[in-house]
Amino acid sequence: MADTAQMVPATMAAMLLTGHGDIDKLEYHQDVATPQPRAGEVLVQVTATAKNNTDRKAREGLYPTKDKGDVTSFAMGGTPTLTFPRIQGADVAGRVVAVGEGVGAERIGERGLLDFNIYADERRDINLTPDYYGHGADGGFAEYIAVPADQFYAVPNPELRDAELASMGMCSYQTAYHMMTAANIGAGERVLVSGASGGVGTALIQLCRIVGAIPYAVSQRDKASALSALGAEAVIDRGDLPTFVERVLATTDGKPIDAVMDLVGGEMTNLFIDTMIVDMQGRKSYPRLSIAGASGGNLSEMMWTRIYLYQVQMFGVSHGTREEAEQLVAWIRDGQLKPVLHAAFKLSELHAAERYFVNRGSNYLGKIVLVPDSQWASHGALFALENISSDAQEQR
């Protein structure tokens with residue numbers, strides 16, 4: 001480890017997840033051993049970590065893959081990797097303060113963003129057994145984290161504050177981009193984005209515009225101006241479900257949606273499919289449905305004859321690839337992707353952040369970040385919830 005390691009304290013503050021359950025399973029400790037960077041790793045002093053819905057779902061054990069009533073975490077490799085206690089938090093921004101063997105000391109002081117994946121191999125184009133920091137290894141709800149040096153990307157952009165950088169973390173943006181690459185989204189295509197006001201949804205809107213696609217956002221009408229400012233062509237309220245398809249087509253002048261980015265599931269999935277198969281004669285490509293969430297319900301009833309007769313292509317999406325992470329970082333560095341930060345909370349107030357996230361109101365847009373208490377004055381106070389007015393949210 002580099003000489004600067006002597007400035008790193010032996011213990012740190014961290015929020016520990018002690019088991020599956022409610023927020024009482026999240027315990028704040030100030031005497032957790034500070035991790036040490038191993039060969040090929042860097043030690044990052046965390047300045048901000050974005051909260052994701054997957055944090056809550058992992059805590060509550062809402063990832064059943066066989067029995068719908070299971071309370072469990074996912075185990076793509078066959079063995080559960082979420083063990084307790086665990087430090088959650090995937091989308092980490094911070095600064096390198098020490099390096100492990102084989103990593104150049106010139107990286108010390110580098111400000112950057114973590115690619116949150118725990119990759120099973122070195123392949124850059126595929127990721128079949130997704131796991132991530134904050135689940136299979138300790139994450140960023142702490143003052144320090146040790147991560148692979150090649151997955152901590154330098155983002156020096158001075159116009160981006162650390163909390164804003166964390167809000168652009170890979171858990172949302174890479175998932176969004178992989179939904180698009182899996183479905184081969186191209187320029188000029190009409191893309192329906194569900195759950196558009198959340199982290200993945202706001203990322204999808206921006207990414208569609210970068211590749212030349214036309215995003216149609218499904219969200220509440222009072223978020224229309226903010227989502228339009230991000231790049232949404234139109235905002236469709238879920239509203240009355242029997243008229244949903246009709247209202248979508250009204251915004252597209254009757255033209256079918258080319259692809260749906262589904263973060264909702266449940267009873268909405270059939271309606272999403274309907275928006276794509278209304279006019280097969282006018283189509284230029286297969287209808288495509290990318291699925292990366294089930295906020296509206298884990299079970300959807302559909303007729304498989306509709307899927308195969310209309311040739312609907314379906315893509316299950318979890319995380320992404322190294323190639324996609326590199327492309328996203330390039331767009332962040334170039335300023336093509338913009339942060340959508342809702343508010344910051346102190347790490348010690350994670351319980352309050354969790355309650356706010358679950359009960360968020362109509363002005364909610366984008367991401368919540370957690371800032372270590374020791375970093376609050378420098379990186380969190382400006383974005384405290386009490387400093388963000390409804391008017392400011394509408395302008396974001």
# chains A, B, ... in the order shown; residues from 1 in each chain; ligands from 1

$ residues_around --residues "Gly380 (chain A)" --least-positions-apart "4" --cutoff "12 Å" --atoms "only C-alpha atoms" --output "ChimeraX atom specification"
/A:46-50,161-164,166,341-347,368-376,384-387

$ write_last_selection --atoms "C-alpha atoms" --output "CSV table (one decimal), in the first residue's frame"
chain,number,residue,atom,x,y,z
A,46,VAL,CA,-16.3,7.8,-0.2
A,47,THR,CA,-17.8,11.3,-0.7
A,48,ALA,CA,-21.3,10.2,-1.9
A,49,THR,CA,-23.1,7.0,-2.8
A,50,ALA,CA,-26.5,6.9,-4.6
A,161,ARG,CA,-20.0,17.9,-7.7
A,162,ASP,CA,-19.4,14.6,-6.0
A,163,ALA,CA,-23.0,14.1,-5.1
A,164,GLU,CA,-24.1,14.8,-8.7
A,166,ALA,CA,-22.8,9.6,-7.6
A,341,LEU,CA,-30.0,14.6,-8.2
A,342,HIS,CA,-33.1,14.9,-6.0
A,343,ALA,CA,-31.5,15.3,-2.6
A,344,ALA,CA,-28.7,14.2,-0.2
A,345,PHE,CA,-29.0,12.7,3.2
A,346,LYS,CA,-26.3,12.0,5.8
A,347,LEU,CA,-25.2,8.4,6.0
A,368,ILE,CA,-31.1,10.3,-3.6
A,369,VAL,CA,-27.5,10.1,-2.4
A,370,LEU,CA,-26.0,9.3,1.0
A,371,VAL,CA,-23.0,11.3,2.1
A,372,PRO,CA,-20.7,10.2,5.0
A,373,ASP,CA,-21.3,12.5,8.0
A,374,SER,CA,-17.6,13.4,7.9
A,375,GLN,CA,-18.0,14.6,4.3
A,376,TRP,CA,-21.4,16.3,4.8
A,384,ALA,CA,-29.9,18.6,1.7
A,385,LEU,CA,-33.7,18.0,1.4
A,386,GLU,CA,-34.5,21.2,3.2
A,387,ASN,CA,-32.5,23.2,0.6

$ residues_around --residues "region 86-96 of chain A" --least-positions-apart "6" --cutoff "8 Å" --atoms "only C-alpha atoms" --output "PyMOL selection string"
chain A and resi 14-18+42-52+55+107-116+132-135+137-142+162-163+165-171

$ atom_distance --atom1 "CA of Pro9 (chain A)" --atom2 "CA of Ala33 (chain A)"
8.8 Å

$ residues_around --residues "region 174-190 of chain A" --least-positions-apart "2" --cutoff "6 Å" --atoms "only C-alpha atoms" --output "ChimeraX atom specification"
/A:170-172,200,204,211-214,257-258,290,317,319-320

$ write_last_selection --atoms "C-alpha atoms" --output "mmCIF file, in the first residue's frame"
data_model
loop_
_atom_site.group_PDB
_atom_site.id
_atom_site.type_symbol
_atom_site.label_atom_id
_atom_site.label_comp_id
_atom_site.auth_asym_id
_atom_site.auth_seq_id
_atom_site.Cartn_x
_atom_site.Cartn_y
_atom_site.Cartn_z
ATOM 1 C CA MET A 170 -23.701 2.591 -13.007
ATOM 2 C CA CYS A 171 -26.488 0.772 -11.169
ATOM 3 C CA SER A 172 -29.004 3.036 -12.911
ATOM 4 C CA VAL A 200 -33.113 4.242 -14.514
ATOM 5 C CA LEU A 204 -33.062 6.045 -20.342
ATOM 6 C CA VAL A 211 -28.297 7.492 -29.756
ATOM 7 C CA GLY A 212 -30.987 9.381 -31.678
ATOM 8 C CA ALA A 213 -34.039 7.455 -30.435
ATOM 9 C CA ILE A 214 -37.277 9.195 -29.411
ATOM 10 C CA ILE A 257 -43.986 2.062 -30.282
ATOM 11 C CA ASP A 258 -40.856 0.264 -31.509
ATOM 12 C CA SER A 290 -36.583 -4.974 -22.277
ATOM 13 C CA VAL A 317 -31.735 -7.200 -18.199
ATOM 14 C CA HIS A 319 -26.567 -4.891 -14.869
ATOM 15 C CA GLY A 320 -24.370 -4.603 -17.958
#

$ select_by_dssp --residues "region 174-205 of chain A" --states "strand (DSSP E or B)" --output "list in words"
Arg190, Val191, Leu192 and Val193 of chain A

$ write_last_selection --atoms "N, CA and C atoms" --output "PDB file, in the first residue's frame"
ATOM      1  N   ARG A 190     -39.100   4.846 -31.787  1.00  0.00           N
ATOM      2  CA  ARG A 190     -39.937   5.332 -30.702  1.00  0.00           C
ATOM      3  C   ARG A 190     -39.825   4.363 -29.534  1.00  0.00           C
ATOM      4  N   VAL A 191     -39.393   4.883 -28.376  1.00  0.00           N
ATOM      5  CA  VAL A 191     -39.126   4.048 -27.206  1.00  0.00           C
ATOM      6  C   VAL A 191     -40.003   4.518 -26.052  1.00  0.00           C
ATOM      7  N   LEU A 192     -40.781   3.602 -25.496  1.00  0.00           N
ATOM      8  CA  LEU A 192     -41.627   3.908 -24.349  1.00  0.00           C
ATOM      9  C   LEU A 192     -40.857   3.577 -23.083  1.00  0.00           C
ATOM     10  N   VAL A 193     -40.724   4.554 -22.188  1.00  0.00           N
ATOM     11  CA  VAL A 193     -39.942   4.413 -20.957  1.00  0.00           C
ATOM     12  C   VAL A 193     -40.895   4.439 -19.770  1.00  0.00           C
TER      13      VAL A 193
END

$ residues_around --residues "Gly21 (chain A)" --least-positions-apart "6" --cutoff "9 Å" --atoms "only C-alpha atoms" --output "NGL selection string"
:A and (59-61)

$ decode --residues "region 326-359 of chain A" --atoms "N, CA and C atoms" --output "compact mmCIF listing (two decimals), in the first residue's frame"
# COMPACT_ATOMS: atom_id res chain seq x y z
N GLU A 326 -17.59 1.62 -19.91
CA GLU A 326 -16.60 2.52 -20.51
C GLU A 326 -17.26 3.58 -21.38
N GLN A 327 -18.29 3.19 -22.14
CA GLN A 327 -18.98 4.16 -22.97
C GLN A 327 -19.72 5.19 -22.13
N LEU A 328 -20.35 4.75 -21.06
CA LEU A 328 -21.07 5.67 -20.19
C LEU A 328 -20.13 6.68 -19.55
N VAL A 329 -18.99 6.21 -19.08
CA VAL A 329 -18.02 7.13 -18.48
C VAL A 329 -17.55 8.16 -19.50
N ALA A 330 -17.35 7.72 -20.74
CA ALA A 330 -16.94 8.66 -21.80
C ALA A 330 -18.00 9.74 -21.99
N TRP A 331 -19.27 9.36 -21.97
CA TRP A 331 -20.34 10.34 -22.13
C TRP A 331 -20.43 11.27 -20.92
N ILE A 332 -20.17 10.74 -19.73
CA ILE A 332 -20.17 11.59 -18.53
C ILE A 332 -19.03 12.60 -18.62
N ARG A 333 -17.86 12.12 -18.99
CA ARG A 333 -16.70 13.02 -19.10
C ARG A 333 -16.94 14.11 -20.14
N ASP A 334 -17.64 13.75 -21.23
CA ASP A 334 -17.91 14.71 -22.31
C ASP A 334 -19.05 15.65 -21.99
N GLY A 335 -19.76 15.39 -20.90
CA GLY A 335 -20.88 16.24 -20.52
C GLY A 335 -22.16 15.92 -21.27
N GLN A 336 -22.21 14.78 -21.98
CA GLN A 336 -23.43 14.43 -22.71
C GLN A 336 -24.52 13.89 -21.79
N LEU A 337 -24.12 13.32 -20.66
CA LEU A 337 -25.07 12.86 -19.65
C LEU A 337 -25.09 13.84 -18.49
N LYS A 338 -26.28 14.13 -18.00
CA LYS A 338 -26.44 15.13 -16.95
C LYS A 338 -26.96 14.48 -15.67
N PRO A 339 -26.52 14.95 -14.52
CA PRO A 339 -27.02 14.39 -13.26
C PRO A 339 -28.47 14.79 -13.00
N VAL A 340 -29.21 13.87 -12.41
CA VAL A 340 -30.58 14.19 -11.95
C VAL A 340 -30.60 13.82 -10.47
N LEU A 341 -30.17 14.77 -9.66
CA LEU A 341 -30.03 14.56 -8.22
C LEU A 341 -31.22 15.17 -7.50
N HIS A 342 -31.93 14.36 -6.75
CA HIS A 342 -33.09 14.85 -6.01
C HIS A 342 -32.67 15.49 -4.69
N ALA A 343 -31.91 14.75 -3.89
CA ALA A 343 -31.52 15.27 -2.58
C ALA A 343 -30.43 14.40 -1.99
N ALA A 344 -29.76 14.94 -0.97
CA ALA A 344 -28.72 14.20 -0.24
C ALA A 344 -29.13 14.05 1.22
N PHE A 345 -28.75 12.93 1.80
CA PHE A 345 -28.95 12.66 3.22
C PHE A 345 -27.61 12.27 3.83
N LYS A 346 -27.45 12.56 5.12
CA LYS A 346 -26.28 12.04 5.83
C LYS A 346 -26.38 10.52 5.91
N LEU A 347 -25.22 9.86 5.87
CA LEU A 347 -25.21 8.41 5.96
C LEU A 347 -25.87 7.93 7.25
N SER A 348 -25.66 8.63 8.33
CA SER A 348 -26.26 8.23 9.61
C SER A 348 -27.77 8.33 9.59
N GLU A 349 -28.32 9.04 8.58
CA GLU A 349 -29.76 9.23 8.47
C GLU A 349 -30.35 8.34 7.36
N LEU A 350 -29.71 7.21 7.12
CA LEU A 350 -30.19 6.32 6.07
C LEU A 350 -31.61 5.83 6.33
N HIS A 351 -31.98 5.63 7.58
CA HIS A 351 -33.35 5.23 7.88
C HIS A 351 -34.34 6.25 7.34
N ALA A 352 -34.05 7.52 7.58
CA ALA A 352 -34.93 8.59 7.09
C ALA A 352 -34.95 8.61 5.57
N ALA A 353 -33.80 8.37 4.94
CA ALA A 353 -33.73 8.34 3.47
C ALA A 353 -34.56 7.19 2.92
N GLU A 354 -34.52 6.03 3.58
CA GLU A 354 -35.31 4.89 3.14
C GLU A 354 -36.80 5.19 3.24
N ARG A 355 -37.22 5.80 4.35
CA ARG A 355 -38.64 6.13 4.50
C ARG A 355 -39.07 7.16 3.45
N TYR A 356 -38.22 8.13 3.20
CA TYR A 356 -38.54 9.15 2.21
C TYR A 356 -38.64 8.52 0.82
N PHE A 357 -37.74 7.60 0.51
CA PHE A 357 -37.71 6.97 -0.80
C PHE A 357 -39.01 6.18 -1.04
N VAL A 358 -39.47 5.45 -0.03
CA VAL A 358 -40.67 4.63 -0.18
C VAL A 358 -41.91 5.51 -0.29
N ASN A 359 -41.93 6.63 0.43
CA ASN A 359 -43.12 7.49 0.48
C ASN A 359 -42.94 8.77 -0.32
